[in-house]
file final11.cif (mmCIF, C-alpha atoms)
data_run
loop_
_atom_site.group_PDB
_atom_site.id
_atom_site.type_symbol
_atom_site.label_atom_id
_atom_site.label_comp_id
_atom_site.auth_asym_id
_atom_site.auth_seq_id
_atom_site.Cartn_x
_atom_site.Cartn_y
_atom_site.Cartn_z
ATOM 1 C CA ASP A 301 -155.147 -40.386 -170.016
ATOM 2 C CA ALA A 302 -152.721 -42.429 -172.089
ATOM 3 C CA LYS A 303 -151.655 -45.845 -170.876
ATOM 4 C CA THR A 304 -148.044 -46.715 -170.154
ATOM 5 C CA THR A 305 -146.110 -49.971 -170.449
ATOM 6 C CA GLN A 306 -143.118 -50.772 -168.262
ATOM 7 C CA PRO A 307 -141.071 -53.923 -167.711
ATOM 8 C CA PRO A 308 -142.170 -55.592 -164.471
ATOM 9 C CA SER A 309 -138.675 -55.816 -163.004
ATOM 10 C CA MET A 310 -135.054 -54.810 -163.511
ATOM 11 C CA ASP A 311 -131.770 -55.296 -161.726
ATOM 12 C CA CYS A 312 -128.925 -52.822 -161.470
ATOM 13 C CA ALA A 313 -125.514 -52.958 -159.877
ATOM 14 C CA GLU A 314 -124.810 -50.437 -157.156
ATOM 15 C CA GLY A 315 -122.942 -47.418 -158.501
ATOM 16 C CA ARG A 316 -124.012 -48.028 -162.074
ATOM 17 C CA ALA A 317 -126.638 -46.092 -164.001
ATOM 18 C CA ALA A 318 -130.162 -47.465 -163.919
ATOM 19 C CA ASN A 319 -132.124 -46.905 -167.124
ATOM 20 C CA LEU A 320 -135.852 -47.514 -166.751
ATOM 21 C CA PRO A 321 -137.873 -47.526 -169.978
ATOM 22 C CA CYS A 322 -141.503 -46.599 -170.472
ATOM 23 C CA ASN A 323 -143.710 -46.814 -173.537
ATOM 24 C CA HIS A 324 -146.602 -44.378 -173.949
ATOM 25 C CA SER A 325 -147.453 -44.633 -177.617
ATOM 26 C CA THR A 326 -150.932 -43.088 -177.245
ATOM 27 C CA ILE A 327 -149.759 -39.950 -175.466
ATOM 28 C CA SER A 328 -151.486 -36.786 -176.612
ATOM 29 C CA GLY A 329 -149.997 -33.358 -177.146
ATOM 30 C CA ASN A 330 -150.960 -31.846 -173.791
ATOM 31 C CA GLU A 331 -149.978 -34.806 -171.644
ATOM 32 C CA TYR A 332 -146.912 -34.839 -169.445
ATOM 33 C CA VAL A 333 -144.790 -37.821 -168.471
ATOM 34 C CA TYR A 334 -144.383 -38.199 -164.715
ATOM 35 C CA TRP A 335 -142.142 -40.537 -162.778
ATOM 36 C CA TYR A 336 -142.762 -41.526 -159.185
ATOM 37 C CA ARG A 337 -141.258 -44.235 -157.051
ATOM 38 C CA GLN A 338 -142.538 -46.122 -154.045
ATOM 39 C CA ILE A 339 -140.298 -47.649 -151.473
ATOM 40 C CA HIS A 340 -141.913 -50.493 -149.595
ATOM 41 C CA SER A 341 -144.819 -49.442 -147.343
ATOM 42 C CA GLN A 342 -144.336 -45.727 -147.990
ATOM 43 C CA GLY A 343 -146.198 -43.149 -150.047
ATOM 44 C CA PRO A 344 -144.960 -42.535 -153.591
ATOM 45 C CA GLN A 345 -142.173 -39.999 -154.072
ATOM 46 C CA TYR A 346 -142.108 -37.581 -156.992
ATOM 47 C CA ILE A 347 -138.992 -37.915 -159.133
ATOM 48 C CA ILE A 348 -139.332 -35.867 -162.286
ATOM 49 C CA HIS A 349 -141.706 -34.914 -165.076
ATOM 50 C CA GLY A 350 -141.491 -33.549 -168.607
ATOM 51 C CA LEU A 351 -143.460 -32.642 -171.698
ATOM 52 C CA LYS A 352 -141.115 -33.022 -174.652
ATOM 53 C CA ASN A 353 -137.703 -31.762 -173.674
ATOM 54 C CA ASN A 354 -135.248 -33.796 -171.678
ATOM 55 C CA GLU A 355 -135.217 -32.890 -168.010
ATOM 56 C CA THR A 356 -132.682 -33.279 -165.220
ATOM 57 C CA ASN A 357 -132.844 -32.664 -161.509
ATOM 58 C CA GLU A 358 -130.895 -33.731 -158.461
ATOM 59 C CA MET A 359 -132.489 -37.171 -158.485
ATOM 60 C CA ALA A 360 -132.634 -38.241 -162.092
ATOM 61 C CA SER A 361 -132.749 -37.451 -165.784
ATOM 62 C CA LEU A 362 -135.731 -37.945 -168.057
ATOM 63 C CA ILE A 363 -135.149 -38.608 -171.732
ATOM 64 C CA ILE A 364 -138.237 -38.337 -173.957
ATOM 65 C CA THR A 365 -138.057 -39.475 -177.566
ATOM 66 C CA GLU A 366 -138.767 -36.956 -180.278
ATOM 67 C CA ASP A 367 -142.113 -38.589 -181.139
ATOM 68 C CA ARG A 368 -142.914 -38.680 -177.383
ATOM 69 C CA LYS A 369 -144.005 -42.296 -177.609
ATOM 70 C CA SER A 370 -141.459 -43.498 -175.092
ATOM 71 C CA SER A 371 -139.185 -42.219 -172.369
ATOM 72 C CA THR A 372 -136.346 -43.370 -170.140
ATOM 73 C CA LEU A 373 -135.705 -42.481 -166.533
ATOM 74 C CA ILE A 374 -132.026 -42.483 -165.684
ATOM 75 C CA LEU A 375 -130.664 -42.779 -162.170
ATOM 76 C CA PRO A 376 -127.022 -41.919 -162.809
ATOM 77 C CA HIS A 377 -125.431 -43.699 -159.856
ATOM 78 C CA ALA A 378 -127.841 -46.160 -158.312
ATOM 79 C CA THR A 379 -127.561 -46.925 -154.605
ATOM 80 C CA LEU A 380 -129.192 -49.609 -152.511
ATOM 81 C CA ARG A 381 -131.682 -46.990 -151.313
ATOM 82 C CA ASP A 382 -132.950 -46.630 -154.866
ATOM 83 C CA THR A 383 -134.505 -50.098 -154.668
ATOM 84 C CA ALA A 384 -138.202 -49.377 -155.198
ATOM 85 C CA VAL A 385 -141.126 -49.656 -157.579
ATOM 86 C CA TYR A 386 -140.887 -46.986 -160.269
ATOM 87 C CA TYR A 387 -144.052 -45.717 -161.916
ATOM 88 C CA CYS A 388 -144.235 -43.941 -165.254
ATOM 89 C CA ILE A 389 -147.511 -42.025 -165.583
ATOM 90 C CA VAL A 390 -148.950 -39.904 -168.346
ATOM 91 C CA SER A 391 -151.335 -37.192 -167.271
ATOM 92 C CA GLY A 392 -152.924 -34.076 -168.644
ATOM 93 C CA TYR A 393 -151.945 -30.736 -167.125
ATOM 94 C CA SER A 394 -155.324 -29.638 -165.894
ATOM 95 C CA SER A 395 -156.288 -27.734 -162.792
ATOM 96 C CA ASN A 396 -159.564 -29.633 -162.693
ATOM 97 C CA THR A 397 -158.229 -33.127 -162.955
ATOM 98 C CA GLY A 398 -154.541 -33.905 -163.010
ATOM 99 C CA LYS A 399 -155.376 -37.421 -161.918
ATOM 100 C CA LEU A 400 -152.493 -39.844 -161.747
ATOM 101 C CA ILE A 401 -153.439 -43.357 -162.764
ATOM 102 C CA PHE A 402 -150.822 -45.807 -161.574
ATOM 103 C CA GLY A 403 -149.940 -48.906 -163.589
ATOM 104 C CA GLN A 404 -147.953 -51.830 -162.264
ATOM 105 C CA GLY A 405 -144.592 -50.067 -162.507
ATOM 106 C CA THR A 406 -141.082 -51.500 -162.628
ATOM 107 C CA THR A 407 -139.544 -53.054 -159.551
ATOM 108 C CA LEU A 408 -135.912 -51.968 -159.549
ATOM 109 C CA GLN A 409 -133.587 -54.063 -157.442
ATOM 110 C CA VAL A 410 -130.193 -52.463 -156.862
ATOM 111 C CA LYS A 411 -127.644 -55.092 -155.938
ATOM 112 C CA PRO A 412 -124.303 -54.625 -154.159
ATOM 113 C CA GLY B 324 -140.203 -28.780 -149.832
ATOM 114 C CA ALA B 325 -143.821 -29.796 -150.031
ATOM 115 C CA VAL B 326 -144.847 -32.072 -147.177
ATOM 116 C CA VAL B 327 -148.037 -34.036 -146.792
ATOM 117 C CA SER B 328 -148.869 -35.793 -143.557
ATOM 118 C CA GLN B 329 -151.432 -38.438 -142.714
ATOM 119 C CA HIS B 330 -152.917 -39.367 -139.389
ATOM 120 C CA PRO B 331 -153.019 -41.964 -138.067
ATOM 121 C CA SER B 332 -150.181 -43.929 -139.638
ATOM 122 C CA TRP B 333 -151.904 -47.164 -138.710
ATOM 123 C CA VAL B 334 -155.208 -48.133 -137.153
ATOM 124 C CA ILE B 335 -156.849 -51.371 -136.072
ATOM 125 C CA CYS B 336 -160.594 -51.404 -135.606
ATOM 126 C CA LYS B 337 -163.462 -53.801 -135.128
ATOM 127 C CA SER B 338 -165.794 -54.705 -137.941
ATOM 128 C CA GLY B 339 -168.747 -52.317 -138.150
ATOM 129 C CA THR B 340 -166.981 -49.268 -136.761
ATOM 130 C CA SER B 341 -166.046 -46.124 -138.673
ATOM 131 C CA VAL B 342 -162.520 -44.832 -139.103
ATOM 132 C CA LYS B 343 -161.405 -41.321 -140.055
ATOM 133 C CA ILE B 344 -158.091 -40.661 -141.773
ATOM 134 C CA GLU B 345 -156.696 -37.139 -142.052
ATOM 135 C CA CYS B 346 -154.509 -35.792 -144.834
ATOM 136 C CA ARG B 347 -152.769 -32.445 -144.370
ATOM 137 C CA SER B 348 -150.576 -30.361 -146.613
ATOM 138 C CA LEU B 349 -148.146 -28.809 -144.151
ATOM 139 C CA ASP B 350 -146.428 -26.059 -146.104
ATOM 140 C CA PHE B 351 -148.635 -25.328 -149.066
ATOM 141 C CA GLN B 352 -152.267 -24.916 -149.960
ATOM 142 C CA ALA B 353 -153.789 -27.803 -151.855
ATOM 143 C CA THR B 354 -156.741 -26.993 -154.041
ATOM 144 C CA THR B 355 -157.064 -30.647 -154.940
ATOM 145 C CA MET B 356 -156.357 -33.767 -152.950
ATOM 146 C CA PHE B 357 -156.605 -37.373 -154.038
ATOM 147 C CA TRP B 358 -157.249 -40.579 -152.138
ATOM 148 C CA TYR B 359 -155.774 -43.918 -153.153
ATOM 149 C CA ARG B 360 -156.019 -47.454 -151.857
ATOM 150 C CA GLN B 361 -153.335 -50.084 -152.204
ATOM 151 C CA PHE B 362 -153.684 -53.794 -151.486
ATOM 152 C CA PRO B 363 -150.606 -55.964 -150.843
ATOM 153 C CA LYS B 364 -148.401 -56.488 -153.894
ATOM 154 C CA GLN B 365 -150.681 -54.300 -156.020
ATOM 155 C CA SER B 366 -150.426 -50.826 -157.444
ATOM 156 C CA LEU B 367 -152.189 -47.751 -156.136
ATOM 157 C CA MET B 368 -155.832 -47.431 -157.098
ATOM 158 C CA LEU B 369 -157.348 -43.969 -157.262
ATOM 159 C CA MET B 370 -160.510 -43.771 -155.187
ATOM 160 C CA ALA B 371 -161.586 -40.155 -155.433
ATOM 161 C CA THR B 372 -160.633 -36.582 -156.217
ATOM 162 C CA SER B 373 -161.342 -34.010 -153.542
ATOM 163 C CA ASN B 374 -161.617 -30.299 -154.296
ATOM 164 C CA GLU B 375 -161.756 -27.776 -151.494
ATOM 165 C CA GLY B 376 -165.280 -26.617 -150.807
ATOM 166 C CA SER B 377 -167.017 -28.996 -153.168
ATOM 167 C CA LYS B 378 -168.157 -32.596 -153.275
ATOM 168 C CA ALA B 379 -165.604 -35.268 -154.041
ATOM 169 C CA THR B 380 -165.575 -37.040 -157.385
ATOM 170 C CA TYR B 381 -165.409 -40.797 -156.979
ATOM 171 C CA GLU B 382 -163.892 -43.269 -159.418
ATOM 172 C CA GLN B 383 -166.088 -45.933 -160.890
ATOM 173 C CA GLY B 384 -166.776 -48.756 -158.481
ATOM 174 C CA VAL B 385 -165.967 -46.772 -155.326
ATOM 175 C CA GLU B 386 -168.923 -46.453 -152.966
ATOM 176 C CA LYS B 387 -169.323 -42.818 -152.018
ATOM 177 C CA ASP B 388 -171.567 -43.634 -149.058
ATOM 178 C CA LYS B 389 -168.943 -45.945 -147.631
ATOM 179 C CA PHE B 390 -165.914 -43.759 -148.201
ATOM 180 C CA LEU B 391 -166.879 -40.263 -147.082
ATOM 181 C CA ILE B 392 -164.514 -37.526 -148.135
ATOM 182 C CA ASN B 393 -164.478 -34.006 -146.757
ATOM 183 C CA HIS B 394 -162.159 -31.246 -147.961
ATOM 184 C CA ALA B 395 -163.116 -28.371 -145.709
ATOM 185 C CA SER B 396 -159.954 -26.307 -146.025
ATOM 186 C CA LEU B 397 -157.021 -25.840 -148.371
ATOM 187 C CA THR B 398 -154.786 -27.886 -146.100
ATOM 188 C CA LEU B 399 -157.006 -30.687 -144.840
ATOM 189 C CA SER B 400 -158.955 -33.534 -146.393
ATOM 190 C CA THR B 401 -160.459 -36.421 -144.468
ATOM 191 C CA LEU B 402 -161.493 -39.905 -145.529
ATOM 192 C CA THR B 403 -163.972 -41.736 -143.341
ATOM 193 C CA VAL B 404 -164.428 -45.452 -143.879
ATOM 194 C CA THR B 405 -167.918 -46.128 -142.586
ATOM 195 C CA SER B 406 -169.006 -49.482 -141.187
ATOM 196 C CA ALA B 407 -165.619 -50.964 -141.948
ATOM 197 C CA HIS B 408 -165.302 -54.641 -142.781
ATOM 198 C CA PRO B 409 -162.239 -56.886 -143.105
ATOM 199 C CA GLU B 410 -162.213 -56.455 -146.883
ATOM 200 C CA ASP B 411 -161.618 -52.715 -146.324
ATOM 201 C CA SER B 412 -158.260 -53.518 -144.743
ATOM 202 C CA SER B 413 -155.736 -51.788 -146.952
ATOM 203 C CA PHE B 414 -153.075 -49.097 -147.232
ATOM 204 C CA TYR B 415 -154.749 -45.726 -147.791
ATOM 205 C CA ILE B 416 -152.652 -42.960 -149.296
ATOM 206 C CA CYS B 417 -153.507 -39.349 -149.995
ATOM 207 C CA SER B 418 -151.834 -36.853 -152.274
ATOM 208 C CA ALA B 419 -152.099 -33.106 -152.596
ATOM 209 C CA LYS B 420 -151.699 -31.035 -155.702
ATOM 210 C CA ARG B 421 -149.968 -27.726 -155.272
ATOM 211 C CA GLY B 422 -151.819 -24.877 -156.935
ATOM 212 C CA ARG B 423 -149.061 -23.508 -159.100
ATOM 213 C CA ASP B 424 -148.124 -26.716 -160.836
ATOM 214 C CA ASN B 425 -149.366 -30.207 -161.404
ATOM 215 C CA GLU B 426 -146.943 -31.989 -159.103
ATOM 216 C CA GLN B 427 -148.608 -34.190 -156.569
ATOM 217 C CA PHE B 428 -147.073 -34.807 -153.179
ATOM 218 C CA PHE B 429 -147.998 -37.978 -151.364
ATOM 219 C CA GLY B 430 -148.576 -38.662 -147.719
ATOM 220 C CA PRO B 431 -146.847 -41.571 -145.966
ATOM 221 C CA GLY B 432 -149.999 -43.671 -145.972
ATOM 222 C CA THR B 433 -152.321 -45.139 -143.343
ATOM 223 C CA ARG B 434 -152.534 -48.861 -142.822
ATOM 224 C CA LEU B 435 -156.053 -49.905 -141.850
ATOM 225 C CA THR B 436 -156.711 -53.330 -140.388
ATOM 226 C CA VAL B 437 -160.313 -54.314 -139.726
ATOM 227 C CA LEU B 438 -160.780 -57.306 -137.446
#

call {"tool": "encode", "arguments": {"input": "final11.cif", "output": "structure tokens"}}
result
Amino acid sequence: DAKTTQPPSMDCAEGRAANLPCNHSTISGNEYVYWYRQIHSQGPQYIIHGLKNNETNEMASLIITEDRKSSTLILPHATLRDTAVYYCIVSGYSSNTGKLIFGQGTTLQVKP
Amino acid sequence: GAVVSQHPSWVICKSGTSVKIECRSLDFQATTMFWYRQFPKQSLMLMATSNEGSKATYEQGVEKDKFLINHASLTLSTLTVTSAHPEDSSFYICSAKRGRDNEQFFGPGTRLTVL
């Protein structure tokens, strides 16, 4: 599975959009980009995933560049409850594996 | 929604004893479950992949005789930490993959403290 690179930390003002970048320059054609977040001492929470098209759900939007070498997770109106570690993971869509290998993620601190 | 539970949520045990942690998918069948370990201020580390009805596949460096995994049904996987020692104290998290897609749903985690 391709490796991802994320900034270790970011700050965001409450109510503003939080844009979390992720580089995955070695991504292969059948690999998806997944985003999870982990609030302190809890299990990770699924946010969104995509292959090559931009995706949006009730939590966030995922923007994937045309060459698929990077992506951005957008939380449109960050709240204090969005403070968490955000993980960008690249994984193949396989019924036999589908392993998620977590990197260090980005610690997002939403400030009032 | 897809809910995964873990039991117990925390456990304290004496060194040398064995501890069993259960992971259940409550509203879907999970053909594959995963077990992770997380030390303080670190990321999640994948320990093993568990497929229903077959032997678990362990990641490199994880002792299969120490961390016994059983996936006897489509809704239950168990992790047994045998002869636990203080260095096994950690946050253990499971996830379950729903059959129709590749989304994984995580349990709330089990905090193990070995005295």

call {"tool": "residues_around", "arguments": {"input": "final11.cif", "residues": "A:Gln404", "least_positions_apart": "6", "cutoff": "9 Å", "atoms": "all atoms listed in the file", "output": "list in words"}}
result
Thr305, Gln306, Pro308, Val385, Tyr386 and Tyr387 of chain A; Gln365, Ser366 and Leu367 of chain B

call {"tool": "closest_atom_pairs", "arguments": {"input": "final11.cif", "of": "chain B", "to": "chain A", "cutoff": "7 Å", "atoms": "all atoms listed in the file", "output": "tab-separated table"}}
result
residue	atom	partner	partner_atom	distance
B:Ser366	CA	A:Gln404	CA	5.5
B:Leu367	CA	A:Phe402	CA	5.9
B:Met368	CA	A:Phe402	CA	6.9
B:Leu369	CA	A:Ile401	CA	6.8
B:Ile416	CA	A:Gly343	CA	6.5
B:Asn425	CA	A:Tyr393	CA	6.3
B:Phe428	CA	A:Tyr346	CA	6.8
B:Phe429	CA	A:Gly343	CA	5.6
B:Gly430	CA	A:Gly343	CA	5.6
B:Pro431	CA	A:Gly343	CA	4.4
B:Gly432	CA	A:Gly343	CA	5.6

call {"tool": "resolve_selection", "arguments": {"input": "final11.cif", "expression": "the PyMOL selection byres ((chain B and resi 338) around 7)", "output": "MDAnalysis selection string"}}
result
chainID B and resid 336:337 339:340 406:409 437:438

call {"tool": "write_last_selection", "arguments": {"input": "final11.cif", "atoms": "C-alpha atoms", "output": "PDB file, keeping the file's coordinate frame"}}
result
ATOM      1  CA  CYS B 336    -160.594 -51.404-135.606  1.00  0.00           C
ATOM      2  CA  LYS B 337    -163.462 -53.801-135.128  1.00  0.00           C
ATOM      3  CA  GLY B 339    -168.747 -52.317-138.150  1.00  0.00           C
ATOM      4  CA  THR B 340    -166.981 -49.268-136.761  1.00  0.00           C
ATOM      5  CA  SER B 406    -169.006 -49.482-141.187  1.00  0.00           C
ATOM      6  CA  ALA B 407    -165.619 -50.964-141.948  1.00  0.00           C
ATOM      7  CA  HIS B 408    -165.302 -54.641-142.781  1.00  0.00           C
ATOM      8  CA  PRO B 409    -162.239 -56.886-143.105  1.00  0.00           C
ATOM      9  CA  VAL B 437    -160.313 -54.314-139.726  1.00  0.00           C
ATOM     10  CA  LEU B 438    -160.780 -57.306-137.446  1.00  0.00           C
TER      11      LEU B 438
END

call {"tool": "resolve_selection", "arguments": {"input": "final11.cif", "expression": "the PyMOL selection byres ((chain B and resi 413) around 9)", "output": "PyMOL selection string"}}
result
chain B and resi 360-363+410-412+414-415+433-437

call {"tool": "write_last_selection", "arguments": {"input": "final11.cif", "atoms": "C-alpha atoms", "output": "compact mmCIF listing (two decimals), in the coordinates of the input"}}
result
# COMPACT_ATOMS: atom_id res chain seq x y z
CA ARG B 360 -156.02 -47.45 -151.86
CA GLN B 361 -153.34 -50.08 -152.20
CA PHE B 362 -153.68 -53.79 -151.49
CA PRO B 363 -150.61 -55.96 -150.84
CA GLU B 410 -162.21 -56.46 -146.88
CA ASP B 411 -161.62 -52.72 -146.32
CA SER B 412 -158.26 -53.52 -144.74
CA PHE B 414 -153.07 -49.10 -147.23
CA TYR B 415 -154.75 -45.73 -147.79
CA THR B 433 -152.32 -45.14 -143.34
CA ARG B 434 -152.53 -48.86 -142.82
CA LEU B 435 -156.05 -49.90 -141.85
CA THR B 436 -156.71 -53.33 -140.39
CA VAL B 437 -160.31 -54.31 -139.73

call {"tool": "atom_distance", "arguments": {"input": "final11.cif", "atom1": "atom CA of B:Leu402", "atom2": "atom CA of B:Val326"}}
result
18.5 Å

call {"tool": "residues_around", "arguments": {"input": "final11.cif", "residues": "stretch 352-354 of chain A", "least_positions_apart": "4", "cutoff": "6 Å", "atoms": "only C-alpha atoms", "output": "NGL selection string"}}
result
:A and (362-364)

call {"tool": "atom_distance", "arguments": {"input": "final11.cif", "atom1": "atom CA of A:Thr326", "atom2": "atom CA of B:Thr355"}}
result
26.3 Å

call {"tool": "residues_around", "arguments": {"input": "final11.cif", "residues": "B:Ile344", "least_positions_apart": "2", "cutoff": "12 Å", "atoms": "all atoms listed in the file", "output": "PyMOL selection string"}}
result
chain B and resi 328-334+341-342+346-347+358+390-394+399-405+414-417+430+432-435

call {"tool": "atom_distance", "arguments": {"input": "final11.cif", "atom1": "atom CA of A:Leu320", "atom2": "atom CA of B:Gln427"}}
result
21.1 Å

call {"tool": "resolve_selection", "arguments": {"input": "final11.cif", "expression": "the PyMOL selection byres ((chain A and resi 409) around 10)", "output": "PyMOL selection string"}}
result
chain A and resi 309-314+318+378-385+406-408+410-412

call {"tool": "residues_near_point", "arguments": {"input": "final11.cif", "point": "(-134.1, -44.6, -169.6)", "cutoff": "7 Å", "atoms": "all atoms listed in the file", "output": "PyMOL selection string"}}
result
chain A and resi 319-321+363+371-374

call {"tool": "build_atoms", "arguments": {"input": "final11.cif", "residues": "stretch 376-385 of chain B", "atoms": "all heavy atoms", "output": "PDB file, keeping the file's coordinate frame"}}
result
ATOM      1  N   GLY B 376    -163.992 -27.292-150.772  1.00  0.00           N
ATOM      2  CA  GLY B 376    -165.280 -26.617-150.807  1.00  0.00           C
ATOM      3  C   GLY B 376    -166.320 -27.242-151.707  1.00  0.00           C
ATOM      4  O   GLY B 376    -167.416 -26.691-151.847  1.00  0.00           O
ATOM      5  N   SER B 377    -166.023 -28.354-152.319  1.00  0.00           N
ATOM      6  CA  SER B 377    -167.017 -28.996-153.168  1.00  0.00           C
ATOM      7  C   SER B 377    -167.037 -30.508-152.918  1.00  0.00           C
ATOM      8  O   SER B 377    -166.172 -31.042-152.223  1.00  0.00           O
ATOM      9  CB  SER B 377    -166.737 -28.707-154.640  1.00  0.00           C
ATOM     10  OG  SER B 377    -165.486 -29.231-155.016  1.00  0.00           O
ATOM     11  N   LYS B 378    -168.019 -31.155-153.490  1.00  0.00           N
ATOM     12  CA  LYS B 378    -168.157 -32.596-153.275  1.00  0.00           C
ATOM     13  C   LYS B 378    -167.050 -33.350-154.007  1.00  0.00           C
ATOM     14  O   LYS B 378    -166.605 -32.951-155.089  1.00  0.00           O
ATOM     15  CB  LYS B 378    -169.513 -33.074-153.787  1.00  0.00           C
ATOM     16  CG  LYS B 378    -170.692 -32.633-152.931  1.00  0.00           C
ATOM     17  CD  LYS B 378    -171.996 -33.236-153.461  1.00  0.00           C
ATOM     18  CE  LYS B 378    -173.168 -32.836-152.584  1.00  0.00           C
ATOM     19  NZ  LYS B 378    -174.447 -33.414-153.078  1.00  0.00           N
ATOM     20  N   ALA B 379    -166.648 -34.455-153.414  1.00  0.00           N
ATOM     21  CA  ALA B 379    -165.604 -35.268-154.041  1.00  0.00           C
ATOM     22  C   ALA B 379    -166.139 -35.987-155.271  1.00  0.00           C
ATOM     23  O   ALA B 379    -167.335 -36.272-155.375  1.00  0.00           O
ATOM     24  CB  ALA B 379    -165.081 -36.283-153.032  1.00  0.00           C
ATOM     25  N   THR B 380    -165.246 -36.259-156.187  1.00  0.00           N
ATOM     26  CA  THR B 380    -165.575 -37.040-157.385  1.00  0.00           C
ATOM     27  C   THR B 380    -164.989 -38.425-157.213  1.00  0.00           C
ATOM     28  O   THR B 380    -163.770 -38.571-157.071  1.00  0.00           O
ATOM     29  CB  THR B 380    -164.991 -36.375-158.642  1.00  0.00           C
ATOM     30  OG1 THR B 380    -165.514 -35.052-158.754  1.00  0.00           O
ATOM     31  CG2 THR B 380    -165.368 -37.181-159.881  1.00  0.00           C
ATOM     32  N   TYR B 381    -165.851 -39.437-157.229  1.00  0.00           N
ATOM     33  CA  TYR B 381    -165.409 -40.797-156.979  1.00  0.00           C
ATOM     34  C   TYR B 381    -165.147 -41.537-158.286  1.00  0.00           C
ATOM     35  O   TYR B 381    -165.851 -41.351-159.282  1.00  0.00           O
ATOM     36  CB  TYR B 381    -166.464 -41.543-156.156  1.00  0.00           C
ATOM     37  CG  TYR B 381    -166.583 -41.032-154.740  1.00  0.00           C
ATOM     38  CD1 TYR B 381    -167.334 -39.891-154.448  1.00  0.00           C
ATOM     39  CD2 TYR B 381    -165.937 -41.672-153.695  1.00  0.00           C
ATOM     40  CE1 TYR B 381    -167.430 -39.411-153.155  1.00  0.00           C
ATOM     41  CE2 TYR B 381    -166.037 -41.210-152.393  1.00  0.00           C
ATOM     42  CZ  TYR B 381    -166.784 -40.073-152.132  1.00  0.00           C
ATOM     43  OH  TYR B 381    -166.873 -39.596-150.842  1.00  0.00           O
ATOM     44  N   GLU B 382    -164.171 -42.417-158.262  1.00  0.00           N
ATOM     45  CA  GLU B 382    -163.892 -43.269-159.418  1.00  0.00           C
ATOM     46  C   GLU B 382    -164.955 -44.365-159.494  1.00  0.00           C
ATOM     47  O   GLU B 382    -165.619 -44.711-158.507  1.00  0.00           O
ATOM     48  CB  GLU B 382    -162.501 -43.883-159.300  1.00  0.00           C
ATOM     49  CG  GLU B 382    -161.382 -42.866-159.362  1.00  0.00           C
ATOM     50  CD  GLU B 382    -161.340 -42.113-160.674  1.00  0.00           C
ATOM     51  OE1 GLU B 382    -161.226 -42.770-161.742  1.00  0.00           O
ATOM     52  OE2 GLU B 382    -161.404 -40.858-160.644  1.00  0.00           O
ATOM     53  N   GLN B 383    -165.097 -44.890-160.676  1.00  0.00           N
ATOM     54  CA  GLN B 383    -166.088 -45.933-160.890  1.00  0.00           C
ATOM     55  C   GLN B 383    -165.831 -47.123-159.976  1.00  0.00           C
ATOM     56  O   GLN B 383    -164.693 -47.586-159.858  1.00  0.00           O
ATOM     57  CB  GLN B 383    -166.058 -46.378-162.354  1.00  0.00           C
ATOM     58  CG  GLN B 383    -167.207 -47.259-162.767  1.00  0.00           C
ATOM     59  CD  GLN B 383    -167.219 -47.520-164.267  1.00  0.00           C
ATOM     60  OE1 GLN B 383    -166.274 -47.171-164.968  1.00  0.00           O
ATOM     61  NE2 GLN B 383    -168.283 -48.129-164.750  1.00  0.00           N
ATOM     62  N   GLY B 384    -166.885 -47.583-159.346  1.00  0.00           N
ATOM     63  CA  GLY B 384    -166.776 -48.756-158.481  1.00  0.00           C
ATOM     64  C   GLY B 384    -166.480 -48.432-157.028  1.00  0.00           C
ATOM     65  O   GLY B 384    -166.484 -49.338-156.187  1.00  0.00           O
ATOM     66  N   VAL B 385    -166.236 -47.176-156.713  1.00  0.00           N
ATOM     67  CA  VAL B 385    -165.967 -46.772-155.326  1.00  0.00           C
ATOM     68  C   VAL B 385    -167.265 -46.247-154.718  1.00  0.00           C
ATOM     69  O   VAL B 385    -167.883 -45.334-155.256  1.00  0.00           O
ATOM     70  CB  VAL B 385    -164.875 -45.694-155.263  1.00  0.00           C
ATOM     71  CG1 VAL B 385    -164.650 -45.246-153.819  1.00  0.00           C
ATOM     72  CG2 VAL B 385    -163.579 -46.212-155.869  1.00  0.00           C
TER      73      VAL B 385
END
